[in-house]
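Chemist: File follows, protein-v1.cif with mmCIF, C-alpha atoms:
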data_start
loop_
_atom_site.label_atom_id
_atom_site.label_comp_id
_atom_site.auth_asym_id
_atom_site.auth_seq_id
_atom_site.Cartn_x
_atom_site.Cartn_y
_atom_site.Cartn_z
CA MET K 1 75.08 -57.93 55.28
CA THR K 2 76.59 -54.82 53.82
CA GLY K 3 75.05 -55.49 50.42
CA GLY K 4 71.66 -56.14 51.98
CA THR K 5 71.83 -53.00 54.02
CA SER K 6 72.69 -50.83 51.00
CA SER K 7 69.89 -52.32 48.95
CA ALA K 8 67.37 -51.52 51.71
CA HIS K 9 67.98 -47.78 51.27
CA LYS K 10 67.23 -47.76 47.50
CA PRO K 11 63.74 -46.43 46.67
CA HIS K 12 61.36 -48.85 45.11
CA PRO K 13 60.82 -48.07 41.47
CA MET K 14 57.02 -48.03 41.97
CA ALA K 15 57.17 -45.86 45.10
CA ALA K 16 55.29 -42.55 45.06
CA PRO K 17 57.44 -39.48 44.60
CA VAL K 18 58.26 -37.51 47.69
CA LEU K 19 56.83 -33.99 47.61
CA LYS K 20 59.19 -31.40 48.88
CA PRO K 21 57.62 -28.63 50.87
CA GLN K 22 57.35 -25.40 48.88
CA PRO K 23 57.98 -22.07 50.44
CA HIS K 24 54.82 -20.38 51.59
CA SER K 25 53.47 -17.92 49.02
CA GLU K 26 50.37 -15.83 49.26
CA LEU K 27 47.70 -16.32 46.64
CA PRO K 28 46.60 -13.23 44.73
CA PRO K 29 43.56 -11.69 46.30
CA VAL K 30 40.28 -12.71 44.67
CA ALA K 31 38.02 -9.83 43.93
CA PRO K 32 34.70 -10.31 45.60
CA ILE K 33 31.76 -10.93 43.28
CA VAL K 34 29.45 -8.04 43.74
CA ALA K 35 26.08 -8.02 42.00
CA SER K 36 26.19 -5.06 39.65
CA ALA K 37 23.19 -3.07 38.66
CA ALA K 38 21.03 -4.88 36.11
CA ALA K 39 21.71 -3.75 32.55
CA PRO K 40 18.70 -2.44 30.65
CA VAL K 41 16.98 -5.07 28.54
CA HIS K 42 15.39 -4.00 25.28
CA VAL K 43 12.58 -6.17 23.97
CA ILE K 44 11.44 -5.67 20.39
CA GLU K 45 7.78 -6.38 19.99
CA ALA K 46 5.27 -5.73 17.26
CA GLY K 47 3.50 -2.48 17.95
CA ARG K 48 -0.20 -2.04 18.03
CA ALA K 49 -1.59 -1.32 14.62
CA SER K 50 -3.21 2.08 14.29
CA LEU K 51 -3.72 4.38 11.37
CA LEU K 52 -1.76 7.17 13.04
CA SER K 53 1.25 4.95 13.81
CA ASP K 54 1.22 3.59 10.26
CA LEU K 55 1.29 7.11 8.84
CA ARG K 56 4.18 8.01 11.12
CA GLU K 57 6.10 4.93 10.02
CA LEU K 58 5.47 5.73 6.37
CA TRP K 59 6.70 9.28 6.94
CA ALA K 60 9.86 7.96 8.60
CA HIS K 61 10.52 5.85 5.48
CA ARG K 62 9.46 8.51 2.98
CA ASP K 63 12.77 8.26 1.11
CA LEU K 64 12.18 4.57 0.45
CA LEU K 65 8.62 5.37 -0.61
CA TYR K 66 9.91 7.95 -3.07
CA PHE K 67 12.48 5.64 -4.68
CA LEU K 68 10.01 2.74 -4.97
CA THR K 69 7.49 5.07 -6.59
CA LEU K 70 10.10 6.34 -9.04
CA ARG K 71 11.10 2.75 -9.84
CA ASP K 72 7.49 1.75 -10.50
CA VAL K 73 6.95 4.70 -12.83
CA LYS K 74 10.10 3.90 -14.81
CA LEU K 75 9.34 0.19 -15.06
CA ARG K 76 5.78 0.80 -16.20
CA TYR K 77 6.82 2.52 -19.41
CA LYS K 78 10.20 0.92 -19.93
CA GLN K 79 10.80 -0.17 -23.54
CA THR K 80 7.47 1.28 -24.70
CA VAL K 81 7.11 3.34 -27.86
CA LEU K 82 4.49 5.79 -26.60
CA GLY K 83 5.64 5.90 -22.99
CA ALA K 84 3.49 8.07 -20.72
CA LEU K 85 1.03 8.70 -23.58
CA TRP K 86 -0.60 5.43 -22.58
CA ALA K 87 -1.87 7.24 -19.49
CA ILE K 88 -3.86 9.46 -21.86
CA LEU K 89 -4.81 6.94 -24.54
CA GLN K 90 -6.32 4.40 -22.18
CA PRO K 91 -9.10 6.60 -20.73
CA PHE K 92 -9.47 8.63 -23.93
CA LEU K 93 -10.07 5.63 -26.21
CA THR K 94 -12.37 4.10 -23.60
CA MET K 95 -14.32 7.36 -23.57
CA VAL K 96 -14.69 7.24 -27.37
CA VAL K 97 -16.07 3.70 -27.27
CA PHE K 98 -18.47 4.49 -24.41
CA THR K 99 -19.65 7.66 -26.18
CA VAL K 100 -20.65 5.65 -29.22
CA LEU K 101 -22.22 2.74 -27.33
CA PHE K 102 -23.87 4.45 -24.37
CA GLY K 103 -24.11 8.10 -25.42
CA ARG K 104 -25.29 7.69 -29.02
CA LEU K 105 -26.83 4.23 -29.22
CA ALA K 106 -28.15 3.55 -25.71
CA LYS K 107 -28.99 7.23 -25.07
CA VAL K 108 -27.70 7.12 -21.48
CA PRO K 109 -28.34 10.51 -19.81
CA SER K 110 -25.42 12.69 -18.76
CA ASP K 111 -26.96 15.30 -16.41
CA GLY K 112 -27.20 17.90 -19.16
CA LEU K 113 -23.49 17.69 -20.02
CA PRO K 114 -21.96 16.53 -23.31
CA TYR K 115 -21.55 12.80 -22.90
CA PRO K 116 -17.84 12.69 -23.92
CA ILE K 117 -16.73 15.00 -21.12
CA PHE K 118 -19.22 13.46 -18.69
CA ALA K 119 -17.76 10.00 -19.32
CA TYR K 120 -14.14 11.17 -19.35
CA ALA K 121 -14.56 13.03 -16.05
CA GLY K 122 -15.63 9.73 -14.50
CA LEU K 123 -13.09 7.55 -16.30
CA VAL K 124 -10.05 9.54 -15.15
CA PRO K 125 -10.56 8.90 -11.40
CA TRP K 126 -11.80 5.37 -12.08
CA GLN K 127 -8.73 4.48 -14.16
CA PHE K 128 -6.56 5.76 -11.33
CA PHE K 129 -8.40 3.59 -8.82
CA GLN K 130 -8.26 0.55 -11.11
CA ASN K 131 -4.54 0.88 -11.85
CA ALA K 132 -3.63 1.59 -8.22
CA VAL K 133 -5.56 -1.40 -6.86
CA ASN K 134 -4.37 -3.73 -9.60
CA GLN K 135 -0.71 -2.78 -9.19
CA GLY K 136 -0.95 -2.61 -5.41
CA GLY K 137 -2.60 -6.01 -5.19
CA ASN K 138 0.37 -7.63 -6.94
CA SER K 139 3.06 -5.43 -5.39
CA LEU K 140 4.06 -7.65 -2.44
CA VAL K 141 4.38 -10.80 -4.55
CA GLY K 142 6.37 -8.86 -7.14
CA ASN K 143 8.83 -7.68 -4.47
CA ALA K 144 9.25 -11.02 -2.69
CA GLN K 145 13.06 -10.90 -2.77
CA LEU K 146 13.08 -7.48 -1.14
CA ILE K 147 10.65 -8.53 1.60
CA THR K 148 12.62 -11.63 2.58
CA LYS K 149 15.99 -9.85 2.85
CA VAL K 150 15.49 -6.67 4.84
CA TYR K 151 12.96 -5.19 7.21
CA PHE K 152 10.99 -2.08 6.38
CA PRO K 153 7.31 -1.25 6.74
CA ARG K 154 5.64 -3.45 4.15
CA MET K 155 2.94 -0.87 3.69
CA VAL K 156 5.45 1.16 1.68
CA ILE K 157 5.18 -1.25 -1.27
CA PRO K 158 1.43 -0.91 -2.03
CA GLY K 159 1.73 2.76 -1.12
CA ALA K 160 4.31 3.23 -3.86
CA ALA K 161 1.91 1.61 -6.36
CA VAL K 162 -0.75 4.18 -5.46
CA LEU K 163 1.66 7.11 -5.83
CA ALA K 164 2.86 5.78 -9.18
CA ALA K 165 -0.76 5.66 -10.39
CA LEU K 166 -1.14 9.30 -9.33
CA VAL K 167 1.39 10.23 -12.02
CA ASP K 168 -0.88 8.70 -14.68
CA PHE K 169 -3.85 10.48 -13.11
CA ALA K 170 -2.09 13.83 -13.40
CA VAL K 171 -1.21 13.22 -17.06
CA ALA K 172 -4.73 12.09 -17.97
CA SER K 173 -6.20 15.15 -16.22
CA LEU K 174 -4.50 17.40 -18.78
CA ILE K 175 -6.83 16.06 -21.48
CA LEU K 176 -9.80 16.65 -19.17
CA PHE K 177 -8.85 20.31 -18.77
CA ALA K 178 -8.42 20.61 -22.55
CA MET K 179 -11.89 19.11 -23.09
CA MET K 180 -13.36 21.58 -20.58
CA ALA K 181 -11.88 24.44 -22.60
CA PHE K 182 -13.17 22.89 -25.84
CA TYR K 183 -16.76 22.65 -24.52
CA GLY K 184 -16.56 26.02 -22.78
CA ILE K 185 -17.11 24.60 -19.28
CA ALA K 186 -15.66 26.56 -16.39
CA PRO K 187 -15.22 24.96 -12.95
CA GLY K 188 -17.38 26.28 -10.14
CA ALA K 189 -16.56 27.12 -6.56
CA GLY K 190 -16.43 23.41 -5.75
CA VAL K 191 -13.04 23.20 -7.47
CA ALA K 192 -11.56 24.19 -4.10
CA LEU K 193 -12.41 20.65 -2.95
CA TYR K 194 -10.33 19.11 -5.74
CA PRO K 195 -7.27 18.38 -3.54
CA LEU K 196 -9.51 16.83 -0.88
CA LEU K 197 -11.18 14.63 -3.50
CA ILE K 198 -7.78 13.45 -4.74
CA ALA K 199 -6.79 12.59 -1.16
CA LEU K 200 -10.02 10.62 -0.65
CA LEU K 201 -9.52 8.81 -3.94
CA ALA K 202 -5.94 7.89 -3.01
CA ALA K 203 -7.11 6.75 0.42
CA VAL K 204 -9.78 4.39 -0.89
CA ALA K 205 -7.34 3.04 -3.49
CA SER K 206 -4.74 2.48 -0.75
CA ALA K 207 -7.28 0.63 1.39
CA ALA K 208 -8.29 -1.70 -1.44
CA GLY K 209 -4.67 -2.14 -2.57
CA MET K 210 -3.44 -3.09 0.91
CA TRP K 211 -6.28 -5.54 1.37
CA MET K 212 -5.69 -7.23 -1.98
CA ALA K 213 -1.91 -7.27 -1.51
CA ALA K 214 -2.17 -9.00 1.87
CA LEU K 215 -4.65 -11.57 0.54
CA ASN K 216 -2.55 -12.19 -2.57
CA VAL K 217 0.43 -13.26 -0.45
CA ARG K 218 -1.59 -16.08 1.07
CA TYR K 219 -4.07 -16.82 -1.71
CA ARG K 220 -2.58 -16.52 -5.19
CA ASP K 221 -6.04 -16.74 -6.77
CA VAL K 222 -6.38 -13.02 -6.04
CA LYS K 223 -4.27 -12.06 -9.06
CA TYR K 224 -6.81 -13.79 -11.32
CA VAL K 225 -9.93 -12.59 -9.54
CA LEU K 226 -8.84 -8.97 -9.11
CA PRO K 227 -8.90 -7.79 -12.77
CA PHE K 228 -12.30 -9.37 -13.32
CA THR K 229 -13.68 -7.81 -10.15
CA LEU K 230 -12.41 -4.36 -11.14
CA GLN K 231 -14.08 -4.66 -14.55
CA LEU K 232 -17.39 -5.42 -12.90
CA GLY K 233 -16.82 -2.65 -10.38
CA MET K 234 -16.82 0.00 -13.10
CA PHE K 235 -20.42 -0.86 -13.99
CA LEU K 236 -21.41 -0.87 -10.30
CA THR K 237 -20.01 2.67 -9.95
CA PRO K 238 -21.60 5.71 -11.64
CA VAL K 239 -18.74 6.19 -14.08
CA ILE K 240 -20.54 6.02 -17.43
CA TYR K 241 -23.99 6.88 -16.09
CA PRO K 242 -25.28 9.39 -13.49
CA VAL K 243 -26.70 8.41 -10.12
CA THR K 244 -30.12 9.61 -11.30
CA PHE K 245 -30.09 6.85 -13.93
CA VAL K 246 -30.68 4.32 -11.14
CA PRO K 247 -34.21 4.09 -9.67
CA ALA K 248 -34.60 6.05 -6.45
CA ASN K 249 -35.35 2.99 -4.32
CA TRP K 250 -32.05 1.36 -5.39
CA ARG K 251 -29.74 4.34 -5.00
CA TRP K 252 -28.91 3.47 -1.40
CA LEU K 253 -26.96 0.50 -2.76
CA LEU K 254 -24.77 2.87 -4.74
CA MET K 255 -24.10 4.83 -1.55
CA LEU K 256 -22.43 1.74 -0.06
CA ASN K 257 -19.74 2.24 -2.69
CA PRO K 258 -17.45 5.07 -1.48
CA LEU K 259 -16.48 5.83 -5.07
CA THR K 260 -20.05 6.94 -5.79
CA GLY K 261 -19.69 10.14 -3.79
CA ILE K 262 -16.02 10.67 -4.71
CA ILE K 263 -16.41 10.34 -8.49
CA GLY K 264 -19.62 12.36 -8.36
CA GLY K 265 -17.69 15.00 -6.44
CA PHE K 266 -15.04 15.09 -9.17
CA ARG K 267 -17.64 15.79 -11.81
CA SER K 268 -19.36 18.43 -9.74
CA ALA K 269 -16.15 20.19 -8.72
CA LEU K 270 -14.68 20.40 -12.22
CA LEU K 271 -17.77 20.73 -14.37
CA GLY K 272 -19.63 23.30 -12.30
CA ARG K 273 -22.43 21.02 -11.09
CA PRO K 274 -23.99 21.18 -7.59
CA LEU K 275 -22.28 18.91 -5.09
CA ASP K 276 -24.16 16.02 -3.51
CA TRP K 277 -22.95 16.59 0.05
CA VAL K 278 -24.73 13.53 1.42
CA ALA K 279 -23.09 11.17 -1.06
CA LEU K 280 -19.71 12.85 -0.56
CA GLY K 281 -20.00 12.68 3.23
CA VAL K 282 -20.98 9.00 3.17
CA GLY K 283 -18.14 8.26 0.76
CA ALA K 284 -15.60 10.06 2.96
CA ALA K 285 -16.77 8.21 6.09
CA LEU K 286 -16.66 4.84 4.35
CA THR K 287 -13.21 5.63 2.96
CA LEU K 288 -11.72 6.44 6.36
CA ALA K 289 -13.30 3.35 7.92
CA ALA K 290 -12.04 1.14 5.09
CA LEU K 291 -8.53 2.61 5.34
CA ALA K 292 -8.33 2.04 9.10
CA LEU K 293 -9.63 -1.52 8.78
CA ALA K 294 -7.29 -2.32 5.88
CA ALA K 295 -4.27 -1.00 7.81
CA TRP K 296 -5.22 -3.09 10.85
CA VAL K 297 -5.64 -6.28 8.78
CA PHE K 298 -2.44 -5.59 6.86
CA ARG K 299 -0.39 -5.14 10.04
CA ARG K 300 -1.74 -8.37 11.50
CA MET K 301 -0.96 -10.36 8.36
CA GLU K 302 2.43 -8.82 7.55
CA ARG K 303 4.16 -10.76 10.34
CA SER K 304 3.95 -13.90 8.19
CA PHE K 305 4.71 -12.29 4.80
CA ALA K 306 8.39 -13.31 4.77
CA ASP K 307 7.49 -16.92 5.64
CA VAL K 308 4.61 -17.36 3.21
CA ILE K 309 5.56 -15.27 0.18
#
Could you express the structure from this file as structure tokens?

Modeler:
Amino acid sequence: MTGGTSSAHKPHPMAAPVLKPQPHSELPPVAPIVASAAAPVHVIEAGRASLLSDLRELWAHRDLLYFLTLRDVKLRYKQTVLGALWAILQPFLTMVVFTVLFGRLAKVPSDGLPYPIFAYAGLVPWQFFQNAVNQGGNSLVGNAQLITKVYFPRMVIPGAAVLAALVDFAVASLILFAMMAFYGIAPGAGVALYPLLIALLAAVASAAGMWMAALNVRYRDVKYVLPFTLQLGMFLTPVIYPVTFVPANWRWLLMLNPLTGIIGGFRSALLGRPLDWVALGVGAALTLAALALAAWVFRRMERSFADVI
């Protein structure tokens, strides 16, 4: 009996452990959850494209624009023997060929001016437009690695191509001034409009360059079509012939080309000829409209540049 009684007090090995009561302790107070004031939320959205906002953005990134322009100028004449002299030789040699073919053989009129200086005064602004549009049209594709790595206003890239072409324009203009002295031609009062004409020329080149650059990202045929189109464009612009060479009932077609009034204004301002205010006014209006439209199209298409390029 004693053995059985002692074995009855042994806990069963599978029995649950007995929990000893713990001394009462207070839990740390829980801070009440109070809804704090909502933190400001910043949403980054694409802004509305406008010419004024684009100009402000370009001005904010003017340092980048300067360095890209300087890079383009250095790369253009890197490892060349003649360097910046090509900016003079290209329009000058073209002027010599056109003088022989159109001035001497074809007897194209030149508004009473010697044909060499008449042609060169048109070739200098045209060569600037051609180089700016050609380089600007290929600028985005040529800077694909830069576009896909960091954000900046893409309009800076074709803008740098236009500014780099202005350097060639300034160098080529030195020969024009020397030819004016050689022929004894003094500029008239219209020379005061020379800075405005340069601004209009740069604006129309920027509009065409932005348009071609945006299209070239999506359609790579542009780089093949663009040089051919610019070659034809020279003959559709009064560069090597005056506006009066075209029959009067067809001259309205030339007015649809903004370069008609701008290049004519260059000749008139520098060579002492009367200004055609109607052609210049139409050219200025078309230039501003083309620039605003090109900026709007460029801003709409640039959202997909990094994905497509």

Chemist: Using all atoms listed in the file, tabulate the residues of region 181-271 of chain K lying at most 6 Å from any atom of region 128-150 of chain K, each with its closest atom pair and that distance in Å to one decimal, by chain and increasing residue number, as a tab-separated table.

Modeler:
residue	atom	partner	partner_atom	distance
K:Ala205	CA	K:Phe129	CA	5.5
K:Gly209	CA	K:Val133	CA	4.4
K:Met212	CA	K:Gly137	CA	4.6
K:Ala213	CA	K:Gly137	CA	4.0

Chemist: Might you pull out every residue within 10 Å of Pro109 (chain K), with all atoms listed in the file counted and same-chain residues fewer than 2 positions away left off, and present them as a compact mmCIF listing (two decimals) with C-alpha atoms, in the coordinates of the input?

Modeler:
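Once everything was written out, this is part_21.txt:
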# COMPACT_ATOMS: atom_id res chain seq x y z
CA PHE K 102 -23.87 4.45 -24.37
CA GLY K 103 -24.11 8.10 -25.42
CA ALA K 106 -28.15 3.55 -25.71
CA LYS K 107 -28.99 7.23 -25.07
CA ASP K 111 -26.96 15.30 -16.41
CA GLY K 112 -27.20 17.90 -19.16
CA LEU K 113 -23.49 17.69 -20.02
CA PRO K 114 -21.96 16.53 -23.31
CA TYR K 115 -21.55 12.80 -22.90
CA PHE K 118 -19.22 13.46 -18.69
CA ILE K 240 -20.54 6.02 -17.43
CA TYR K 241 -23.99 6.88 -16.09
CA PRO K 242 -25.28 9.39 -13.49
CA THR K 244 -30.12 9.61 -11.30
CA PHE K 245 -30.09 6.85 -13.93

Chemist: Would you mind telling me which residue in K:Tyr224, K:Leu193, K:Ala164, K:Met301 lies nearest to Lys74 (chain K) when using all atoms listed in the file?

Modeler: K:Ala164

Chemist: So how far away is CA of Val156 (chain K) from CA of Leu68 (chain K), in Å?

Modeler: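 Result for CA of Leu68 (chain K) versus CA of Val156 (chain K): 8.2 Å, one decimal.
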
Chemist: Given all atoms listed in the file as the basis, pick out the residue of K:Asn257, K:Gln90, K:Thr69, K:Ser53 nearest to Pro153 (chain K).

Modeler: K:Ser53

Chemist: Which is closest to Met180 (chain K) among K:Ile117, K:Val222, K:Leu254, K:Ile157, if we use all atoms listed in the file?

Modeler: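 Looking at the shortest contact to Met180 (chain K), the residue is K:Ile117.
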
Chemist: So how many Å separate CA of Phe235 (chain K) and CA of Ile88 (chain K), to one decimal?

Modeler: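 Answer for the CA of Phe235 (chain K) to CA of Ile88 (chain K) separation: 21.0 Å.
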
Chemist: May I ask which of the residues K:Pro91, K:Pro195, K:Gly283, K:Gly159 is the closest one to Leu270 (chain K), counting only C-alpha atoms?

Modeler: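 Of all the options, K:Pro195 lies closest to Leu270 (chain K).
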
Chemist: Given the file above and the PyMOL selection byres ((chain K and resi 214) around 12), which residues are selected, and can you give them as a ChimeraX atom specification?

Modeler: /K:136-141,154-155,157-158,207-213,215-220,222-223,294-306,308-309
